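Chemist: The file below is entry30.cif, mmCIF, C-alpha atoms:
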data_run
#
loop_
_atom_site.group_PDB
_atom_site.id
_atom_site.type_symbol
_atom_site.label_atom_id
_atom_site.label_comp_id
_atom_site.auth_asym_id
_atom_site.auth_seq_id
_atom_site.Cartn_x
_atom_site.Cartn_y
_atom_site.Cartn_z
ATOM 1 C CA MET A 1 8.250 15.148 5.473
ATOM 2 C CA ALA A 2 9.978 13.192 2.723
ATOM 3 C CA ALA A 3 12.955 11.040 3.568
ATOM 4 C CA ILE A 4 15.398 9.244 1.279
ATOM 5 C CA ALA A 5 16.612 5.767 2.184
ATOM 6 C CA PRO A 6 20.274 4.799 1.732
ATOM 7 C CA LEU A 7 21.157 2.448 -1.088
ATOM 8 C CA CYS A 8 21.959 -1.247 -0.781
ATOM 9 C CA ASP A 9 24.544 -2.560 1.672
ATOM 10 C CA PHE A 10 25.220 -5.676 -0.433
ATOM 11 C CA GLY A 11 25.485 -8.908 1.522
ATOM 12 C CA TRP A 12 23.918 -7.623 4.751
ATOM 13 C CA GLN A 13 22.110 -10.546 6.406
ATOM 14 C CA ALA A 14 18.334 -10.372 6.849
ATOM 15 C CA VAL A 15 17.262 -9.973 10.482
ATOM 16 C CA GLU A 16 14.802 -12.434 11.987
ATOM 17 C CA ALA A 17 11.894 -11.498 14.222
ATOM 18 C CA THR A 18 8.396 -12.684 14.957
ATOM 19 C CA LEU A 19 5.713 -10.003 14.776
ATOM 20 C CA LEU A 20 1.930 -9.770 15.039
ATOM 21 C CA GLY A 21 0.086 -9.807 11.723
ATOM 22 C CA VAL A 22 -3.200 -8.114 10.900
ATOM 23 C CA ASP A 23 -4.952 -11.495 11.065
ATOM 24 C CA GLY A 24 -4.024 -11.885 14.757
ATOM 25 C CA ARG A 25 -1.340 -14.507 14.054
ATOM 26 C CA ARG A 26 2.370 -14.109 14.716
ATOM 27 C CA TYR A 27 4.721 -14.402 11.728
ATOM 28 C CA SER A 28 8.438 -15.004 11.449
ATOM 29 C CA ILE A 29 9.896 -12.572 8.922
ATOM 30 C CA LEU A 30 12.351 -15.082 7.476
ATOM 31 C CA SER A 31 9.753 -17.829 7.216
ATOM 32 C CA GLN A 32 8.131 -15.688 4.518
ATOM 33 C CA ALA A 33 11.147 -16.256 2.257
ATOM 34 C CA LYS A 34 10.532 -18.545 -0.675
ATOM 35 C CA ASN A 35 13.099 -20.621 -2.535
ATOM 36 C CA THR A 36 14.552 -17.700 -4.546
ATOM 37 C CA GLY A 37 14.290 -14.720 -2.207
ATOM 38 C CA LEU A 38 12.366 -12.369 0.036
ATOM 39 C CA VAL A 39 11.201 -8.756 -0.036
ATOM 40 C CA VAL A 40 10.811 -6.981 3.303
ATOM 41 C CA ALA A 41 8.890 -3.732 2.857
ATOM 42 C CA PHE A 42 8.347 -1.048 5.454
ATOM 43 C CA ILE A 43 5.014 0.624 4.767
ATOM 44 C CA CYS A 44 2.249 2.322 6.736
ATOM 45 C CA ASN A 45 -1.390 3.257 6.356
ATOM 46 C CA HIS A 46 -1.337 7.055 6.165
ATOM 47 C CA CYS A 47 1.633 7.844 3.904
ATOM 48 C CA PRO A 48 0.672 9.429 0.561
ATOM 49 C CA TYR A 49 3.671 7.718 -1.078
ATOM 50 C CA VAL A 50 2.409 4.296 0.066
ATOM 51 C CA LYS A 51 -1.199 5.088 -0.840
ATOM 52 C CA ALA A 52 -0.106 6.093 -4.344
ATOM 53 C CA VAL A 53 1.681 2.789 -4.990
ATOM 54 C CA ILE A 54 -0.144 0.226 -2.836
ATOM 55 C CA GLN A 55 -1.903 -1.455 -5.758
ATOM 56 C CA ARG A 56 1.426 -1.739 -7.602
ATOM 57 C CA ILE A 57 2.976 -3.210 -4.433
ATOM 58 C CA VAL A 58 0.138 -5.772 -4.367
ATOM 59 C CA ARG A 59 0.658 -6.524 -8.080
ATOM 60 C CA ASP A 60 4.417 -6.954 -7.672
ATOM 61 C CA ALA A 61 4.057 -9.144 -4.573
ATOM 62 C CA ARG A 62 1.682 -11.441 -6.482
ATOM 63 C CA ASP A 63 3.948 -11.547 -9.526
ATOM 64 C CA LEU A 64 7.026 -12.216 -7.380
ATOM 65 C CA LYS A 65 5.263 -15.056 -5.567
ATOM 66 C CA GLN A 66 4.870 -16.778 -8.953
ATOM 67 C CA LEU A 67 8.671 -16.604 -9.271
ATOM 68 C CA GLY A 68 9.313 -18.141 -5.844
ATOM 69 C CA ILE A 69 9.978 -14.860 -4.035
ATOM 70 C CA GLY A 70 8.299 -14.152 -0.699
ATOM 71 C CA PHE A 71 6.982 -10.788 0.468
ATOM 72 C CA VAL A 72 6.247 -9.322 3.885
ATOM 73 C CA ALA A 73 5.378 -5.765 4.940
ATOM 74 C CA ILE A 74 6.024 -4.138 8.309
ATOM 75 C CA ASN A 75 4.536 -1.018 9.885
ATOM 76 C CA ALA A 76 6.755 0.534 12.550
ATOM 77 C CA ASN A 77 5.190 3.988 12.820
ATOM 78 C CA ASP A 78 4.302 5.311 16.252
ATOM 79 C CA PRO A 79 0.486 5.270 16.472
ATOM 80 C CA ILE A 80 0.582 8.134 18.978
ATOM 81 C CA ALA A 81 2.171 10.361 16.325
ATOM 82 C CA CYS A 82 -0.025 8.886 13.563
ATOM 83 C CA PRO A 83 -3.255 7.376 14.949
ATOM 84 C CA SER A 84 -4.208 5.976 11.531
ATOM 85 C CA ASP A 85 -1.071 3.800 11.717
ATOM 86 C CA SER A 86 -2.424 1.898 14.721
ATOM 87 C CA TYR A 87 -2.792 -1.881 14.626
ATOM 88 C CA GLU A 88 -6.540 -1.460 14.046
ATOM 89 C CA GLY A 89 -5.778 0.929 11.186
ATOM 90 C CA MET A 90 -3.427 -1.674 9.726
ATOM 91 C CA CYS A 91 -6.215 -4.254 9.750
ATOM 92 C CA THR A 92 -8.519 -1.880 7.873
ATOM 93 C CA PHE A 93 -5.769 -0.889 5.409
ATOM 94 C CA SER A 94 -4.972 -4.540 4.683
ATOM 95 C CA ARG A 95 -8.616 -5.471 4.047
ATOM 96 C CA LYS A 96 -9.297 -2.378 1.946
ATOM 97 C CA ASN A 97 -6.268 -2.979 -0.278
ATOM 98 C CA GLY A 98 -6.404 -6.780 -0.428
ATOM 99 C CA LEU A 99 -2.847 -7.287 0.777
ATOM 100 C CA PRO A 100 -1.771 -10.798 -0.324
ATOM 101 C CA PHE A 101 1.160 -10.911 2.104
ATOM 102 C CA PRO A 102 1.572 -10.717 5.883
ATOM 103 C CA TYR A 103 1.334 -7.132 7.162
ATOM 104 C CA LEU A 104 3.139 -7.046 10.493
ATOM 105 C CA HIS A 105 3.170 -4.631 13.406
ATOM 106 C CA ASP A 106 6.584 -3.600 14.752
ATOM 107 C CA ALA A 107 5.052 -2.206 17.951
ATOM 108 C CA ASP A 108 8.348 -1.404 19.690
ATOM 109 C CA GLN A 109 10.069 -0.263 16.470
ATOM 110 C CA SER A 110 13.023 -2.567 17.148
ATOM 111 C CA ILE A 111 12.914 -4.298 13.766
ATOM 112 C CA ALA A 112 12.747 -1.035 11.829
ATOM 113 C CA ARG A 113 15.815 0.094 13.766
ATOM 114 C CA LEU A 114 17.680 -3.173 13.054
ATOM 115 C CA TYR A 115 16.899 -2.843 9.350
ATOM 116 C CA ASN A 116 17.764 0.869 9.463
ATOM 117 C CA ALA A 117 14.412 1.611 7.810
ATOM 118 C CA VAL A 118 14.125 5.278 6.966
ATOM 119 C CA CYS A 119 10.892 5.890 5.112
ATOM 120 C CA THR A 120 7.641 4.427 3.893
ATOM 121 C CA PRO A 121 7.865 2.722 1.542
ATOM 122 C CA ASP A 122 11.347 1.265 2.052
ATOM 123 C CA PHE A 123 12.122 -2.005 0.211
ATOM 124 C CA PHE A 124 14.771 -4.606 1.053
ATOM 125 C CA GLY A 125 15.365 -7.462 -1.416
ATOM 126 C CA PHE A 126 17.176 -10.583 -0.221
ATOM 127 C CA ASN A 127 18.479 -13.532 -2.201
ATOM 128 C CA ALA A 128 17.872 -17.197 -1.345
ATOM 129 C CA ALA A 129 20.740 -17.072 1.192
ATOM 130 C CA GLY A 130 19.137 -14.126 3.007
ATOM 131 C CA LYS A 131 21.765 -11.637 1.812
ATOM 132 C CA LEU A 132 20.656 -8.127 0.863
ATOM 133 C CA GLN A 133 20.889 -7.514 -2.874
ATOM 134 C CA TYR A 134 18.431 -4.656 -3.381
ATOM 135 C CA ARG A 135 17.437 -1.603 -1.415
ATOM 136 C CA GLY A 136 15.544 0.876 -3.451
ATOM 137 C CA ARG A 137 12.321 2.142 -4.881
ATOM 138 C CA LEU A 138 9.312 0.285 -6.215
ATOM 139 C CA ASP A 139 9.415 2.373 -9.389
ATOM 140 C CA GLY A 140 10.016 5.965 -10.439
ATOM 141 C CA SER A 141 6.505 7.249 -9.859
ATOM 142 C CA ARG A 142 6.875 8.623 -6.314
ATOM 143 C CA LYS A 143 3.384 9.926 -5.426
ATOM 144 C CA GLN A 144 2.166 10.251 -9.010
ATOM 145 C CA GLU A 145 0.048 7.854 -11.007
ATOM 146 C CA ALA A 146 2.317 5.527 -12.935
ATOM 147 C CA SER A 147 2.440 5.390 -16.705
ATOM 148 C CA ALA A 148 1.832 1.989 -18.258
ATOM 149 C CA ASN A 149 5.453 1.655 -19.414
ATOM 150 C CA LEU A 150 7.106 2.676 -16.119
ATOM 151 C CA ARG A 151 10.083 0.463 -15.226
ATOM 152 C CA ARG A 152 9.302 -1.843 -12.285
ATOM 153 C CA ASP A 153 12.577 -1.371 -10.362
ATOM 154 C CA LEU A 154 11.837 -3.659 -7.396
ATOM 155 C CA PHE A 155 10.253 -6.377 -9.527
ATOM 156 C CA GLU A 156 13.056 -6.385 -12.101
ATOM 157 C CA ALA A 157 15.732 -6.376 -9.382
ATOM 158 C CA MET A 158 14.102 -9.345 -7.653
ATOM 159 C CA VAL A 159 13.872 -11.263 -10.945
ATOM 160 C CA GLU A 160 17.622 -10.719 -11.399
ATOM 161 C CA ILE A 161 18.262 -11.801 -7.805
ATOM 162 C CA ALA A 162 16.150 -14.941 -8.283
ATOM 163 C CA GLU A 163 18.040 -15.832 -11.462
ATOM 164 C CA THR A 164 21.602 -14.975 -10.393
ATOM 165 C CA GLY A 165 21.651 -14.531 -6.602
ATOM 166 C CA SER A 166 22.937 -10.978 -7.089
ATOM 167 C CA GLY A 167 21.153 -7.677 -7.431
ATOM 168 C CA PRO A 168 21.680 -4.892 -9.944
ATOM 169 C CA ARG A 169 24.521 -2.501 -9.213
ATOM 170 C CA GLU A 170 22.455 0.498 -10.332
ATOM 171 C CA GLN A 171 19.738 1.136 -7.776
ATOM 172 C CA PHE A 172 17.576 4.155 -7.010
ATOM 173 C CA ALA A 173 16.796 5.175 -3.445
ATOM 174 C CA SER A 174 13.287 4.867 -2.119
ATOM 175 C CA VAL A 175 11.655 8.168 -1.198
ATOM 176 C CA GLY A 176 8.700 8.490 1.137
ATOM 177 C CA CYS A 177 7.415 9.728 4.460
ATOM 178 C CA SER A 178 9.897 9.423 7.301
ATOM 179 C CA ILE A 179 9.335 6.677 9.866
ATOM 180 C CA LYS A 180 7.446 8.185 12.810
ATOM 181 C CA TRP A 181 9.750 7.288 15.701
ATOM 182 C CA ARG A 182 8.699 7.329 19.331
ATOM 183 C CA ASP A 183 10.337 9.845 21.577
ATOM 184 C CA LYS A 184 12.945 8.076 23.667
#
Would you mind writing the structure in this file as structure tokens?

Modeler:
Amino acid sequence: MAAIAPLCDFGWQAVEATLLGVDGRRYSILSQAKNTGLVVAFICNHCPYVKAVIQRIVRDARDLKQLGIGFVAINANDPIACPSDSYEGMCTFSRKNGLPFPYLHDADQSIARLYNAVCTPDFFGFNAAGKLQYRGRLDGSRKQEASANLRRDLFEAMVEIAETGSGPREQFASVGCSIKWRDK
């Protein structure tokens, strides 16, 4: 079921946590920030929206790294509801797609709740001070193959954030599969 994330709550402070990565190491979210910013992305392994854009996510993460912007992805889906979103599935997904950034497991879903993550993919762009300046889509493709001239919303927003410290006022909500929450 598709879900639509809310737009940016400008100035909201990035939340710190240390989570297990697919390489067996633990990573601090905020330690992934570089000198001009950080993208925190909530993704998963099974979502058709993520699968459709994963190579563009990889491309943008690599391009942003060249601009001094860090990138980290988090999977918070309940593996009981979606077995392919298990930690083992994350390891396979990361290898298969050549993820050049830490892919972290939010096993208790606490970080997704603190970030108010809604869907996969869900992108949060922070400036050098750790203040939220972008919450929106990767691009306008949704689940379709992207045209060569498609505007790179996340990338362009992060370039603006790196240059000015502020994000664009016009932002488009991310749309994707809803986070698979555990029953309480």

Chemist: Fewer than 2 positions away in the same chain doesn't count, so skip those; otherwise give me all residues within 7 Å of range 13-26 of chain A, counting all atoms listed in the file, as number ranges by chain.

Modeler: A: 11, 28-30, 90-91, 102-106, 130-132

Chemist: Using all atoms listed in the file, tabulate the residues of range 39-123 of chain A lying at most 8 Å from any atom of range 144-168 of chain A, each with its closest atom pair and that distance in Å to one decimal, by chain and increasing residue number, as a Markdown table.

Modeler:
| residue | atom | partner | partner_atom | distance |
| --- | --- | --- | --- | --- |
| A:Ala52 | CA | A:Gln144 | CA | 6.7 |
| A:Asp60 | CA | A:Phe155 | CA | 6.2 |
| A:Leu64 | CA | A:Phe155 | CA | 7.0 |
| A:Leu67 | CA | A:Val159 | CA | 7.6 |
| A:Gly68 | CA | A:Ala162 | CA | 7.9 |
| A:Ile69 | CA | A:Ala162 | CA | 7.5 |
| A:Phe123 | CA | A:Leu154 | CA | 7.8 |

Chemist: Can you list what the PyMOL selection byres ((chain A and resi 98) around 12) grabs from this structure, as a list in words?

Modeler: Val22, Ile54, Gln55, Arg56, Ile57, Val58, Arg59, Ala61, Arg62, Met90, Cys91, Thr92, Phe93, Ser94, Arg95, Lys96, Asn97, Leu99, Pro100, Phe101, Pro102 and Tyr103 of chain A

Chemist: Run the PyMOL selection byres ((chain A and resi 172) around 10) against the file shown and list the residues it catches, as a list in words.

Modeler: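 Output from the PyMOL selection byres ((chain A and resi 172) around 10), applied to this file: Ile4, Ala5, Pro6, Leu7, Cys8, Tyr134, Arg135, Gly136, Arg137, Leu138, Asp139, Gly140, Asp153, Leu154, Arg169, Glu170, Gln171, Ala173, Ser174 and Val175 of chain A.
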
Chemist: Calculate how many Å separate CA of Ser84 in chain A from CA of Lys180 in chain A, rounding to one decimal.

Modeler: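 Taking CA of Ser84 in chain A as the start and CA of Lys180 in chain A as the end point, the length is 11.9 Å.
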
Chemist: Carefully work through the PyMOL selection byres ((chain A and resi 183) around 10) for this structure and note down the residues it includes, as a list of chain:residue names.

Modeler: A:Asp78, A:Ala81, A:Lys180, A:Trp181, A:Arg182, A:Lys184
